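A quick write-up on the structure given underneath.
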Amino acid sequence: MTRDRAPWIGYVLAAVLGIVLGCATAPVSSSPKSQDDLLTAAGFTSYVSKTPQSLAYLKTLPPQEIVKHSYQGTNRFLVCTDQNSKACYVGDEAAFQRYQNLATQEDIAARKRNVKEERWDPEALQLWADSQWIGR
């Protein structure tokens, strides 16, 4: 009779273990990520204005919206998440694509994940260079 119980005990233990492990690995709901978090995760670089000219330029950017800058066939993207801040985020095409994917997954409003406007500004080129430590 002991041998008849052995297979059943194994099945019961396996079922209980499966349930316990299944509950332990259940996804935990996470709070929505901010635009800043997503930009950083996507590979955008945080740039802090160091001159009055660059600060004045940052104030021309629409808050929380993406501005695309093209220079010699290369696209760069600027995002100023807070218009009262001295900082913005600077990214390349790869960072922008990653951000698009993350923002879609997080259901970020379209106005915050799509390009708002396209510009060619010398100031933007300088911000990009400064954010990448070029010329220092």
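The chains in the structure tokens are called A, B, ... from first to last as shown; in each chain the residues are counted from 1, and the ligands are counted from 1 in the order shown.
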For stretch 96-104 of chain A, find every residue with an atom within 10 Å (counting only C-alpha atoms), except residues of its own chain fewer than 6 positions away, and show them as a list in words.
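Listed by chain and then number, they are Lys33, Ser34, Gln35, Leu38, Leu39, Thr40, Ala41, Ala42, Gly43, Phe44, Ile66, Lys68, Asn75, Arg76, Phe77, Leu78, Val90, Ala110, Lys112, Arg113, Asn114 and Val115 of chain A.
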Closest of A:Glu65, A:Asp82, A:Asp92, A:Glu106 to A:Thr45 - atom-to-atom distances counting only C-alpha atoms
A:Asp92
All residues 8 Å or closer to stretch 60-63 of chain A, only C-alpha atoms, same chain fewer than 3 positions away omitted, as a PyMOL selection string
chain A and resi 56-57+66-67+79-83
How would the residues just picked look written out with N, CA, C and O atoms as an mmCIF file, in the first residue's frame?
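The resulting file, part-v8.cif, is reproduced below:
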data_model
loop_
_atom_site.group_PDB
_atom_site.id
_atom_site.type_symbol
_atom_site.label_atom_id
_atom_site.label_comp_id
_atom_site.auth_asym_id
_atom_site.auth_seq_id
_atom_site.Cartn_x
_atom_site.Cartn_y
_atom_site.Cartn_z
ATOM 1 N N ALA A 56 18.999 79.999 -23.491
ATOM 2 C CA ALA A 56 17.995 80.720 -24.289
ATOM 3 C C ALA A 56 17.467 79.824 -25.408
ATOM 4 O O ALA A 56 16.265 79.823 -25.695
ATOM 5 N N TYR A 57 18.346 79.033 -25.998
ATOM 6 C CA TYR A 57 17.903 78.115 -27.050
ATOM 7 C C TYR A 57 16.966 77.050 -26.487
ATOM 8 O O TYR A 57 15.934 76.734 -27.093
ATOM 9 N N ILE A 66 9.283 66.283 -28.973
ATOM 10 C CA ILE A 66 10.535 65.954 -29.636
ATOM 11 C C ILE A 66 10.747 66.872 -30.834
ATOM 12 O O ILE A 66 9.850 67.048 -31.650
ATOM 13 N N VAL A 67 11.943 67.432 -30.902
ATOM 14 C CA VAL A 67 12.320 68.264 -32.033
ATOM 15 C C VAL A 67 13.470 67.567 -32.752
ATOM 16 O O VAL A 67 14.473 67.210 -32.140
ATOM 17 N N VAL A 79 14.806 66.861 -26.629
ATOM 18 C CA VAL A 79 13.571 66.863 -25.849
ATOM 19 C C VAL A 79 13.840 67.643 -24.570
ATOM 20 O O VAL A 79 14.749 67.320 -23.808
ATOM 21 N N CYS A 80 13.044 68.664 -24.354
ATOM 22 C CA CYS A 80 13.123 69.450 -23.128
ATOM 23 C C CYS A 80 11.890 69.061 -22.306
ATOM 24 O O CYS A 80 10.773 69.439 -22.640
ATOM 25 N N THR A 81 12.079 68.267 -21.269
ATOM 26 C CA THR A 81 10.926 67.758 -20.519
ATOM 27 C C THR A 81 10.343 68.790 -19.556
ATOM 28 O O THR A 81 9.205 68.658 -19.141
ATOM 29 N N ASP A 82 11.128 69.807 -19.229
ATOM 30 C CA ASP A 82 10.648 70.853 -18.329
ATOM 31 C C ASP A 82 11.191 72.186 -18.829
ATOM 32 O O ASP A 82 12.398 72.414 -18.807
ATOM 33 N N GLN A 83 10.315 73.047 -19.276
ATOM 34 C CA GLN A 83 10.752 74.295 -19.883
ATOM 35 C C GLN A 83 11.457 75.219 -18.896
ATOM 36 O O GLN A 83 12.204 76.098 -19.281
#
